[in-house]
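Okay, structure first, notes after.
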Amino acid sequence: MSRPGGAAAESLAIELRGVGLRFGAKAVLNQLDLDVSSGQKVAVVGPSGVGKSTILRLLAGLLLPSSGRLSLHGQQQIYLREDQDNPMDVRMVFQSPALLASLSVAENVGFLLQRSRRLSPADVRARVSRVLEEVGLRGIEDLMPGQLSGGMQKRVSFARAIVEDPVIDAGHHPPLLLFDEPTAGLDPVACTRIEDMIVKATEFVGGTAVVVSHVMSTIRRSADHVVMLYGGCAQWHGSVQEFEMTDNPYVQQFRSASLQGPMQPELA
């Protein structure tokens, strides 16, 4: 796949070349090419089970490709994240908020900051308060996750992803934010809040975003480019505006939710 936006190589936050991933005899990704420019917000779309979330796990360093090359900010990723001495700044917002129920909101958001000896408890608290205010949750630091609505828990998970970490921020490229089905199961109003927050969070940290979603409003509101995934590779890519108008059969079937088209369920 050619580069969304036609970016020069030095401005790429993500570069995948011929990436394949296999689990035993099953090929999940096959010769996938994908470029994402620094600062872009890209939605990865397609039917269930085609490897969208797998791409996020590759970018997060939780998996390694079986073949091909994966680079972040020009640096090839050849080790799992837990084995890297100086991992890239990659932050993931899961489909569920994944908050620790026994910890307060402040402790959840500032959990990773506790490891830094550069920050006093007051410094950690100040950073947590600032980022909670950024996501519209001022004054809830001492509440427990169980006291929050589902939408509030989701916003706390956003705050955790974008909190300023001086250990990471000191010598890294802008962060890569990964969102896995961030609006799944939410009502339309809650979807709009989260979609706006994806844009706001990405701008807040000056980062690059990859959003996996089936929700059309999320694709339209939170991304500037779209990648259509099927058969283990990118079948189409382009701007959100082009996504709305293209006659590509994969995109047309996805947009219309039609049973007729090239995307059909695999038969056992």
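Identifiers in this document derive from the order of the structure tokens: chains are assigned A, B, ..., residues are numbered from 1 separately in each chain, and ligands are numbered from 1 in order of occurrence.
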**Message:** For range 208-216 of chain A, find every residue with an atom within 7 Å (counting only C-alpha atoms), except residues of its own chain fewer than 4 positions away, and show them as a ChimeraX atom specification.
**Reply:** /A:38-45,52-53,175-181,202,220
**Message:** Quick check for you: according to DSSP on this backbone, which residues of range 87-205 of chain A are classed as strand (DSSP E or B)? Reply as a PyMOL selection string.
**Reply:** chain A and resi 90-93+176-180
Write out, as a PDB file, in the first residue's frame, the residues just selected, with all heavy atoms.
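Contents of out.pdb, freshly written:
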```pdb
ATOM      1  N   VAL A  90       4.532   4.119  23.270  1.00  0.00           N
ATOM      2  CA  VAL A  90       3.288   3.632  22.684  1.00  0.00           C
ATOM      3  C   VAL A  90       2.277   3.458  23.813  1.00  0.00           C
ATOM      4  O   VAL A  90       2.558   2.795  24.814  1.00  0.00           O
ATOM      5  CB  VAL A  90       3.496   2.294  21.948  1.00  0.00           C
ATOM      6  CG1 VAL A  90       2.178   1.819  21.336  1.00  0.00           C
ATOM      7  CG2 VAL A  90       4.566   2.421  20.873  1.00  0.00           C
ATOM      8  N   ARG A  91       1.093   4.050  23.643  1.00  0.00           N
ATOM      9  CA  ARG A  91       0.077   4.018  24.687  1.00  0.00           C
ATOM     10  C   ARG A  91      -1.218   3.467  24.101  1.00  0.00           C
ATOM     11  O   ARG A  91      -1.621   3.874  23.021  1.00  0.00           O
ATOM     12  CB  ARG A  91      -0.146   5.424  25.249  1.00  0.00           C
ATOM     13  CG  ARG A  91       1.161   6.129  25.608  1.00  0.00           C
ATOM     14  CD  ARG A  91       0.938   7.535  26.100  1.00  0.00           C
ATOM     15  NE  ARG A  91       2.192   8.265  26.238  1.00  0.00           N
ATOM     16  CZ  ARG A  91       2.307   9.477  26.762  1.00  0.00           C
ATOM     17  NH1 ARG A  91       1.209  10.100  27.190  1.00  0.00           N
ATOM     18  NH2 ARG A  91       3.476  10.072  26.843  1.00  0.00           N
ATOM     19  N   MET A  92      -1.846   2.563  24.826  1.00  0.00           N
ATOM     20  CA  MET A  92      -3.005   1.865  24.273  1.00  0.00           C
ATOM     21  C   MET A  92      -4.234   2.094  25.145  1.00  0.00           C
ATOM     22  O   MET A  92      -4.159   2.009  26.374  1.00  0.00           O
ATOM     23  CB  MET A  92      -2.713   0.374  24.160  1.00  0.00           C
ATOM     24  CG  MET A  92      -3.725  -0.407  23.351  1.00  0.00           C
ATOM     25  SD  MET A  92      -3.023  -1.982  22.790  1.00  0.00           S
ATOM     26  CE  MET A  92      -4.397  -2.658  21.874  1.00  0.00           C
ATOM     27  N   VAL A  93      -5.341   2.399  24.493  1.00  0.00           N
ATOM     28  CA  VAL A  93      -6.644   2.499  25.158  1.00  0.00           C
ATOM     29  C   VAL A  93      -7.456   1.299  24.710  1.00  0.00           C
ATOM     30  O   VAL A  93      -7.760   1.137  23.530  1.00  0.00           O
ATOM     31  CB  VAL A  93      -7.363   3.808  24.793  1.00  0.00           C
ATOM     32  CG1 VAL A  93      -8.757   3.836  25.416  1.00  0.00           C
ATOM     33  CG2 VAL A  93      -6.547   5.013  25.264  1.00  0.00           C
ATOM     34  N   LEU A 176       2.683   7.306  20.234  1.00  0.00           N
ATOM     35  CA  LEU A 176       1.750   6.629  19.349  1.00  0.00           C
ATOM     36  C   LEU A 176       0.594   6.146  20.210  1.00  0.00           C
ATOM     37  O   LEU A 176       0.787   5.379  21.157  1.00  0.00           O
ATOM     38  CB  LEU A 176       2.438   5.448  18.663  1.00  0.00           C
ATOM     39  CG  LEU A 176       1.580   4.539  17.789  1.00  0.00           C
ATOM     40  CD1 LEU A 176       0.969   5.320  16.639  1.00  0.00           C
ATOM     41  CD2 LEU A 176       2.418   3.371  17.266  1.00  0.00           C
ATOM     42  N   LEU A 177      -0.616   6.636  19.906  1.00  0.00           N
ATOM     43  CA  LEU A 177      -1.808   6.272  20.659  1.00  0.00           C
ATOM     44  C   LEU A 177      -2.605   5.238  19.875  1.00  0.00           C
ATOM     45  O   LEU A 177      -2.937   5.455  18.707  1.00  0.00           O
ATOM     46  CB  LEU A 177      -2.679   7.502  20.926  1.00  0.00           C
ATOM     47  CG  LEU A 177      -2.033   8.647  21.710  1.00  0.00           C
ATOM     48  CD1 LEU A 177      -3.039   9.785  21.903  1.00  0.00           C
ATOM     49  CD2 LEU A 177      -1.516   8.173  23.056  1.00  0.00           C
ATOM     50  N   LEU A 178      -2.931   4.137  20.528  1.00  0.00           N
ATOM     51  CA  LEU A 178      -3.663   3.043  19.897  1.00  0.00           C
ATOM     52  C   LEU A 178      -5.013   2.898  20.597  1.00  0.00           C
ATOM     53  O   LEU A 178      -5.076   2.775  21.822  1.00  0.00           O
ATOM     54  CB  LEU A 178      -2.876   1.737  20.019  1.00  0.00           C
ATOM     55  CG  LEU A 178      -1.408   1.777  19.567  1.00  0.00           C
ATOM     56  CD1 LEU A 178      -0.756   0.414  19.805  1.00  0.00           C
ATOM     57  CD2 LEU A 178      -1.303   2.168  18.101  1.00  0.00           C
ATOM     58  N   PHE A 179      -6.074   2.908  19.803  1.00  0.00           N
ATOM     59  CA  PHE A 179      -7.436   2.813  20.336  1.00  0.00           C
ATOM     60  C   PHE A 179      -8.118   1.581  19.747  1.00  0.00           C
ATOM     61  O   PHE A 179      -8.340   1.515  18.540  1.00  0.00           O
ATOM     62  CB  PHE A 179      -8.238   4.069  19.976  1.00  0.00           C
ATOM     63  CG  PHE A 179      -7.643   5.353  20.507  1.00  0.00           C
ATOM     64  CD1 PHE A 179      -6.763   6.095  19.737  1.00  0.00           C
ATOM     65  CD2 PHE A 179      -7.973   5.816  21.769  1.00  0.00           C
ATOM     66  CE1 PHE A 179      -6.221   7.278  20.211  1.00  0.00           C
ATOM     67  CE2 PHE A 179      -7.440   7.001  22.257  1.00  0.00           C
ATOM     68  CZ  PHE A 179      -6.565   7.729  21.479  1.00  0.00           C
ATOM     69  N   ASP A 180      -8.463   0.634  20.604  1.00  0.00           N
ATOM     70  CA  ASP A 180      -9.086  -0.609  20.149  1.00  0.00           C
ATOM     71  C   ASP A 180     -10.586  -0.558  20.419  1.00  0.00           C
ATOM     72  O   ASP A 180     -11.024  -0.679  21.561  1.00  0.00           O
ATOM     73  CB  ASP A 180      -8.457  -1.800  20.871  1.00  0.00           C
ATOM     74  CG  ASP A 180      -8.838  -3.126  20.234  1.00  0.00           C
ATOM     75  OD1 ASP A 180      -9.516  -3.122  19.185  1.00  0.00           O
ATOM     76  OD2 ASP A 180      -8.444  -4.184  20.775  1.00  0.00           O
TER      77      ASP A 180
END
```
What are the closest atom pairs, with distances in Å to one decimal, for each residue of range 148-195 of chain A lying within 10 Å of range 102-110 of chain A, using only C-alpha atoms, rows by chain and rising residue number, as a Markdown table?
```
| residue | atom | partner | partner_atom | distance |
| --- | --- | --- | --- | --- |
| A:Leu148 | CA | A:Val105 | CA | 9.5 |
| A:Gln153 | CA | A:Val105 | CA | 8.9 |
| A:Val156 | CA | A:Val109 | CA | 7.0 |
| A:Ser157 | CA | A:Val109 | CA | 7.4 |
| A:Phe158 | CA | A:Val109 | CA | 8.9 |
| A:Ala159 | CA | A:Val109 | CA | 6.3 |
| A:Arg160 | CA | A:Val109 | CA | 4.3 |
| A:Ala161 | CA | A:Val109 | CA | 8.0 |
| A:Ile162 | CA | A:Val109 | CA | 9.1 |
| A:Val163 | CA | A:Val109 | CA | 7.3 |
| A:Glu164 | CA | A:Gly110 | CA | 9.4 |
| A:Asp165 | CA | A:Gly110 | CA | 9.1 |
```
Range 30-259 of chain A: which residues are helix (DSSP H, G or I) by DSSP, as a CSV table (one decimal) with N, CA and C atoms, in the first residue's frame?
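Done, and the output landed in part32.csv:
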```
chain,number,residue,atom,x,y,z
A,52,LYS,N,-7.4,-6.6,12.6
A,52,LYS,CA,-7.3,-5.2,13.0
A,52,LYS,C,-6.6,-5.0,14.4
A,53,SER,N,-7.1,-5.7,15.4
A,53,SER,CA,-6.5,-5.6,16.7
A,53,SER,C,-5.2,-6.2,16.7
A,54,THR,N,-4.9,-7.2,15.9
A,54,THR,CA,-3.6,-7.8,15.8
A,54,THR,C,-2.5,-6.7,15.4
A,55,ILE,N,-2.9,-5.8,14.5
A,55,ILE,CA,-2.0,-4.7,14.1
A,55,ILE,C,-1.7,-3.9,15.3
A,56,LEU,N,-2.7,-3.6,16.1
A,56,LEU,CA,-2.4,-2.8,17.3
A,56,LEU,C,-1.4,-3.5,18.2
A,57,ARG,N,-1.6,-4.8,18.4
A,57,ARG,CA,-0.6,-5.6,19.2
A,57,ARG,C,0.8,-5.6,18.6
A,58,LEU,N,0.9,-5.6,17.3
A,58,LEU,CA,2.2,-5.5,16.7
A,58,LEU,C,2.8,-4.1,17.0
A,59,LEU,N,2.0,-3.1,16.8
A,59,LEU,CA,2.5,-1.7,17.0
A,59,LEU,C,2.9,-1.5,18.5
A,81,ARG,N,8.2,-5.8,23.4
A,81,ARG,CA,8.3,-4.6,24.2
A,81,ARG,C,9.0,-4.9,25.5
A,82,GLU,N,8.7,-6.0,26.1
A,82,GLU,CA,9.3,-6.3,27.5
A,82,GLU,C,10.8,-6.6,27.4
A,83,ASP,N,11.3,-6.8,26.2
A,83,ASP,CA,12.7,-7.1,26.0
A,83,ASP,C,13.5,-5.9,25.5
A,105,VAL,N,-9.1,6.6,41.4
A,105,VAL,CA,-8.9,7.2,40.0
A,105,VAL,C,-7.5,7.8,39.9
A,106,ALA,N,-7.1,8.5,40.9
A,106,ALA,CA,-5.7,9.1,40.9
A,106,ALA,C,-4.7,8.1,40.8
A,107,GLU,N,-4.8,7.0,41.6
A,107,GLU,CA,-3.8,5.9,41.6
A,107,GLU,C,-3.8,5.2,40.2
A,108,ASN,N,-5.0,5.0,39.6
A,108,ASN,CA,-5.0,4.4,38.3
A,108,ASN,C,-4.3,5.2,37.3
A,109,VAL,N,-4.7,6.5,37.2
A,109,VAL,CA,-4.1,7.4,36.2
A,109,VAL,C,-2.6,7.6,36.4
A,112,LEU,N,1.8,4.5,36.5
A,112,LEU,CA,3.2,4.3,36.0
A,112,LEU,C,4.1,5.5,36.4
A,113,LEU,N,3.5,6.6,36.8
A,113,LEU,CA,4.3,7.7,37.3
A,113,LEU,C,5.0,7.4,38.6
A,114,GLN,N,4.4,6.5,39.4
A,114,GLN,CA,4.9,6.1,40.7
A,114,GLN,C,6.3,5.6,40.6
A,115,ARG,N,6.7,5.0,39.4
A,115,ARG,CA,8.0,4.4,39.3
A,115,ARG,C,9.1,5.4,39.2
A,121,PRO,N,5.2,12.8,45.4
A,121,PRO,CA,3.7,12.5,45.4
A,121,PRO,C,2.9,13.7,45.0
A,122,ALA,N,3.3,14.9,45.4
A,122,ALA,CA,2.6,16.1,45.0
A,122,ALA,C,2.7,16.4,43.5
A,123,ASP,N,3.8,16.1,42.9
A,123,ASP,CA,4.0,16.3,41.4
A,123,ASP,C,3.1,15.3,40.7
A,124,VAL,N,3.1,14.0,41.1
A,124,VAL,CA,2.2,13.0,40.5
A,124,VAL,C,0.8,13.5,40.6
A,125,ARG,N,0.4,13.9,41.7
A,125,ARG,CA,-1.0,14.4,41.9
A,125,ARG,C,-1.4,15.5,41.0
A,126,ALA,N,-0.4,16.5,40.8
A,126,ALA,CA,-0.7,17.6,40.0
A,126,ALA,C,-0.8,17.2,38.5
A,127,ARG,N,0.0,16.3,38.1
A,127,ARG,CA,-0.1,15.8,36.7
A,127,ARG,C,-1.4,15.0,36.5
A,128,VAL,N,-1.8,14.2,37.5
A,128,VAL,CA,-3.0,13.5,37.4
A,128,VAL,C,-4.2,14.4,37.3
A,129,SER,N,-4.2,15.5,38.2
A,129,SER,CA,-5.3,16.4,38.2
A,129,SER,C,-5.4,17.2,36.9
A,130,ARG,N,-4.3,17.5,36.3
A,130,ARG,CA,-4.3,18.3,35.1
A,130,ARG,C,-4.9,17.4,33.9
A,131,VAL,N,-4.5,16.2,33.9
A,131,VAL,CA,-5.0,15.4,32.7
A,131,VAL,C,-6.4,15.0,32.9
A,132,LEU,N,-6.9,14.8,34.2
A,132,LEU,CA,-8.3,14.5,34.4
A,132,LEU,C,-9.1,15.7,34.0
A,133,GLU,N,-8.6,16.9,34.3
A,133,GLU,CA,-9.4,18.1,33.9
A,133,GLU,C,-9.4,18.2,32.3
A,134,GLU,N,-8.4,17.8,31.7
A,134,GLU,CA,-8.3,17.8,30.2
A,134,GLU,C,-9.4,16.9,29.6
A,145,PRO,N,-13.2,3.4,40.9
A,145,PRO,CA,-13.8,3.1,39.6
A,145,PRO,C,-15.2,2.6,39.7
A,146,GLY,N,-15.5,1.9,40.7
A,146,GLY,CA,-16.9,1.4,40.9
A,146,GLY,C,-17.9,2.5,41.1
A,147,GLN,N,-17.5,3.7,41.5
A,147,GLN,CA,-18.4,4.8,41.7
A,147,GLN,C,-18.6,5.6,40.4
A,150,GLY,N,-19.9,4.1,33.1
A,150,GLY,CA,-19.1,3.5,32.1
A,150,GLY,C,-18.3,4.5,31.3
A,151,GLY,N,-19.1,5.6,30.9
A,151,GLY,CA,-18.4,6.6,30.1
A,151,GLY,C,-17.3,7.3,30.9
A,152,MET,N,-17.5,7.5,32.2
A,152,MET,CA,-16.5,8.2,33.0
A,152,MET,C,-15.3,7.3,33.1
A,153,GLN,N,-15.5,6.0,33.3
A,153,GLN,CA,-14.4,5.0,33.3
A,153,GLN,C,-13.6,5.1,32.0
A,154,LYS,N,-14.3,5.2,30.9
A,154,LYS,CA,-13.6,5.2,29.6
A,154,LYS,C,-12.7,6.5,29.6
A,155,ARG,N,-13.2,7.6,30.1
A,155,ARG,CA,-12.5,8.8,30.0
A,155,ARG,C,-11.2,8.8,31.0
A,156,VAL,N,-11.4,8.1,32.1
A,156,VAL,CA,-10.3,7.9,33.0
A,156,VAL,C,-9.2,7.1,32.2
A,157,SER,N,-9.6,6.1,31.5
A,157,SER,CA,-8.6,5.3,30.7
A,157,SER,C,-7.9,6.2,29.7
A,158,PHE,N,-8.6,7.2,29.1
A,158,PHE,CA,-7.9,8.1,28.2
A,158,PHE,C,-6.9,8.9,29.0
A,159,ALA,N,-7.3,9.4,30.2
A,159,ALA,CA,-6.4,10.2,31.0
A,159,ALA,C,-5.1,9.4,31.3
A,160,ARG,N,-5.3,8.2,31.6
A,160,ARG,CA,-4.1,7.3,31.9
A,160,ARG,C,-3.2,7.2,30.7
A,161,ALA,N,-3.8,7.2,29.5
A,161,ALA,CA,-2.9,7.1,28.3
A,161,ALA,C,-2.2,8.3,28.0
A,162,ILE,N,-2.7,9.5,28.4
A,162,ILE,CA,-2.1,10.7,27.9
A,162,ILE,C,-1.4,11.5,29.0
A,166,PRO,N,7.6,12.1,32.7
A,166,PRO,CA,8.9,12.7,32.4
A,166,PRO,C,10.0,11.7,31.9
A,167,VAL,N,9.8,10.5,32.4
A,167,VAL,CA,10.8,9.5,32.0
A,167,VAL,C,10.7,9.2,30.5
A,168,ILE,N,9.5,9.1,30.0
A,168,ILE,CA,9.3,8.9,28.6
A,168,ILE,C,9.4,10.2,27.8
A,169,ASP,N,8.9,11.3,28.3
A,169,ASP,CA,8.8,12.5,27.5
A,169,ASP,C,10.2,13.1,27.2
A,188,PRO,N,-25.1,6.8,21.3
A,188,PRO,CA,-24.6,7.8,20.3
A,188,PRO,C,-24.0,9.0,21.0
A,189,VAL,N,-24.6,9.5,22.1
A,189,VAL,CA,-24.0,10.7,22.7
A,189,VAL,C,-22.7,10.4,23.4
A,190,ALA,N,-22.6,9.2,24.0
A,190,ALA,CA,-21.3,8.8,24.6
A,190,ALA,C,-20.3,8.6,23.5
A,191,CYS,N,-20.7,8.1,22.4
A,191,CYS,CA,-19.8,7.9,21.3
A,191,CYS,C,-19.2,9.2,20.8
A,192,THR,N,-20.0,10.2,20.7
A,192,THR,CA,-19.6,11.6,20.3
A,192,THR,C,-18.5,12.1,21.3
A,193,ARG,N,-18.8,11.9,22.6
A,193,ARG,CA,-17.8,12.4,23.6
A,193,ARG,C,-16.5,11.7,23.4
A,194,ILE,N,-16.5,10.4,23.2
A,194,ILE,CA,-15.2,9.6,23.1
A,194,ILE,C,-14.5,10.0,21.8
A,195,GLU,N,-15.3,10.1,20.7
A,195,GLU,CA,-14.7,10.5,19.4
A,195,GLU,C,-14.0,11.8,19.5
A,196,ASP,N,-14.6,12.8,20.1
A,196,ASP,CA,-14.0,14.1,20.3
A,196,ASP,C,-12.8,14.0,21.2
A,197,MET,N,-12.8,13.1,22.2
A,197,MET,CA,-11.7,12.9,23.1
A,197,MET,C,-10.5,12.3,22.4
A,198,ILE,N,-10.7,11.4,21.4
A,198,ILE,CA,-9.6,10.8,20.6
A,198,ILE,C,-8.8,11.9,19.9
A,199,VAL,N,-9.6,12.8,19.3
A,199,VAL,CA,-8.9,13.9,18.6
A,199,VAL,C,-8.2,14.8,19.6
A,200,LYS,N,-8.9,15.2,20.7
A,200,LYS,CA,-8.3,16.0,21.7
A,200,LYS,C,-7.1,15.4,22.3
A,201,ALA,N,-7.2,14.1,22.7
A,201,ALA,CA,-6.0,13.4,23.3
A,201,ALA,C,-4.8,13.4,22.4
A,202,THR,N,-5.1,13.1,21.1
A,202,THR,CA,-4.0,13.0,20.2
A,202,THR,C,-3.3,14.4,20.0
A,203,GLU,N,-4.1,15.4,20.0
A,203,GLU,CA,-3.5,16.8,19.9
A,203,GLU,C,-2.8,17.2,21.2
A,204,PHE,N,-3.3,16.8,22.3
A,204,PHE,CA,-2.8,17.1,23.6
A,204,PHE,C,-1.4,16.6,23.8
A,205,VAL,N,-1.1,15.4,23.3
A,205,VAL,CA,0.3,14.9,23.4
A,205,VAL,C,1.1,15.1,22.2
A,216,MET,N,-19.3,3.9,12.2
A,216,MET,CA,-19.1,4.9,11.1
A,216,MET,C,-18.8,6.2,11.7
A,217,SER,N,-19.6,6.6,12.7
A,217,SER,CA,-19.3,8.0,13.3
A,217,SER,C,-17.9,8.1,13.9
A,218,THR,N,-17.4,7.1,14.4
A,218,THR,CA,-16.0,7.1,15.0
A,218,THR,C,-15.0,7.3,13.9
A,219,ILE,N,-15.2,6.6,12.8
A,219,ILE,CA,-14.3,6.7,11.6
A,219,ILE,C,-14.4,8.1,11.1
A,220,ARG,N,-15.6,8.7,10.9
A,220,ARG,CA,-15.7,10.0,10.4
A,220,ARG,C,-15.2,11.1,11.3
A,221,ARG,N,-15.4,11.0,12.6
A,221,ARG,CA,-15.1,12.1,13.5
A,221,ARG,C,-13.7,12.0,14.1
A,222,SER,N,-13.1,10.8,14.2
A,222,SER,CA,-11.8,10.7,14.9
A,222,SER,C,-10.6,10.4,14.0
A,240,VAL,N,-10.6,10.3,4.7
A,240,VAL,CA,-12.0,10.1,5.2
A,240,VAL,C,-13.0,10.5,4.1
A,241,GLN,N,-12.7,11.7,3.5
A,241,GLN,CA,-13.6,12.2,2.4
A,241,GLN,C,-13.6,11.2,1.2
A,242,GLU,N,-12.5,10.6,0.9
A,242,GLU,CA,-12.4,9.6,-0.2
A,242,GLU,C,-13.1,8.4,0.2
A,243,PHE,N,-13.1,8.0,1.5
A,243,PHE,CA,-13.7,6.8,2.0
A,243,PHE,C,-15.2,6.9,1.8
A,244,GLU,N,-15.8,8.1,1.9
A,244,GLU,CA,-17.2,8.4,1.7
A,244,GLU,C,-17.7,8.2,0.3
A,245,MET,N,-16.7,8.4,-0.7
A,245,MET,CA,-17.1,8.5,-2.1
A,245,MET,C,-16.6,7.3,-3.0
A,249,PRO,N,-15.1,-1.9,-4.1
A,249,PRO,CA,-16.1,-2.8,-3.6
A,249,PRO,C,-16.0,-3.2,-2.2
A,250,TYR,N,-14.8,-3.2,-1.6
A,250,TYR,CA,-14.7,-3.6,-0.2
A,250,TYR,C,-15.3,-2.4,0.7
A,251,VAL,N,-14.9,-1.2,0.3
A,251,VAL,CA,-15.4,-0.1,1.1
A,251,VAL,C,-16.9,0.1,0.9
A,252,GLN,N,-17.4,-0.1,-0.3
A,252,GLN,CA,-18.8,0.1,-0.6
A,252,GLN,C,-19.6,-1.0,0.3
A,253,GLN,N,-19.1,-2.2,0.3
A,253,GLN,CA,-19.8,-3.2,1.1
A,253,GLN,C,-19.8,-2.8,2.6
A,254,PHE,N,-18.7,-2.4,3.1
A,254,PHE,CA,-18.6,-2.0,4.5
A,254,PHE,C,-19.5,-0.8,4.8
A,255,ARG,N,-19.5,0.2,4.0
A,255,ARG,CA,-20.3,1.4,4.2
A,255,ARG,C,-21.8,1.0,4.3
A,256,SER,N,-22.2,0.2,3.4
A,256,SER,CA,-23.6,-0.1,3.2
A,256,SER,C,-24.1,-1.3,4.1
```
I'd like a table as a Markdown table: residues in range 42-73 of chain A with an atom no more than 8 Å from range 19-30 of chain A, each row giving the shortest atom pair and its distance in Å to one decimal, only C-alpha atoms counted, sorted by chain and rising residue number.
```
| residue | atom | partner | partner_atom | distance |
| --- | --- | --- | --- | --- |
| A:Val50 | CA | A:Val28 | CA | 6.8 |
| A:Gly51 | CA | A:Val28 | CA | 5.8 |
| A:Leu64 | CA | A:Leu21 | CA | 7.9 |
| A:Pro65 | CA | A:Leu21 | CA | 5.1 |
| A:Ser66 | CA | A:Leu21 | CA | 4.7 |
| A:Ser67 | CA | A:Gly20 | CA | 4.9 |
| A:Gly68 | CA | A:Val19 | CA | 4.1 |
| A:Arg69 | CA | A:Val19 | CA | 6.0 |
| A:Leu70 | CA | A:Val19 | CA | 7.1 |
```
**Message:** Residues within 7 Å of Ala13 in chain A, please, as a ChimeraX atom specification. Count only C-alpha atoms; anything in the same chain fewer than 5 positions from it doesn't count.
**Reply:** /A:36-38,72-73
**Message:** Rounded to one decimal, what separation in Å do you get between CA of Gln75 in chain A and CA of Leu34 in chain A?
**Reply:** 15.0 Å
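A straight line drawn from CA of Val227 in chain A to CA of Gln95 in chain A is 19.5 Å long.
With distances restricted to only C-alpha atoms, A:Gln264 is the closest residue to Gly231 in chain A from A:Ser96, A:Gln264, A:Asn86, A:Ser149.
CA of Tyr230 in chain A sits 14.9 Å away from CA of Gly18 in chain A.
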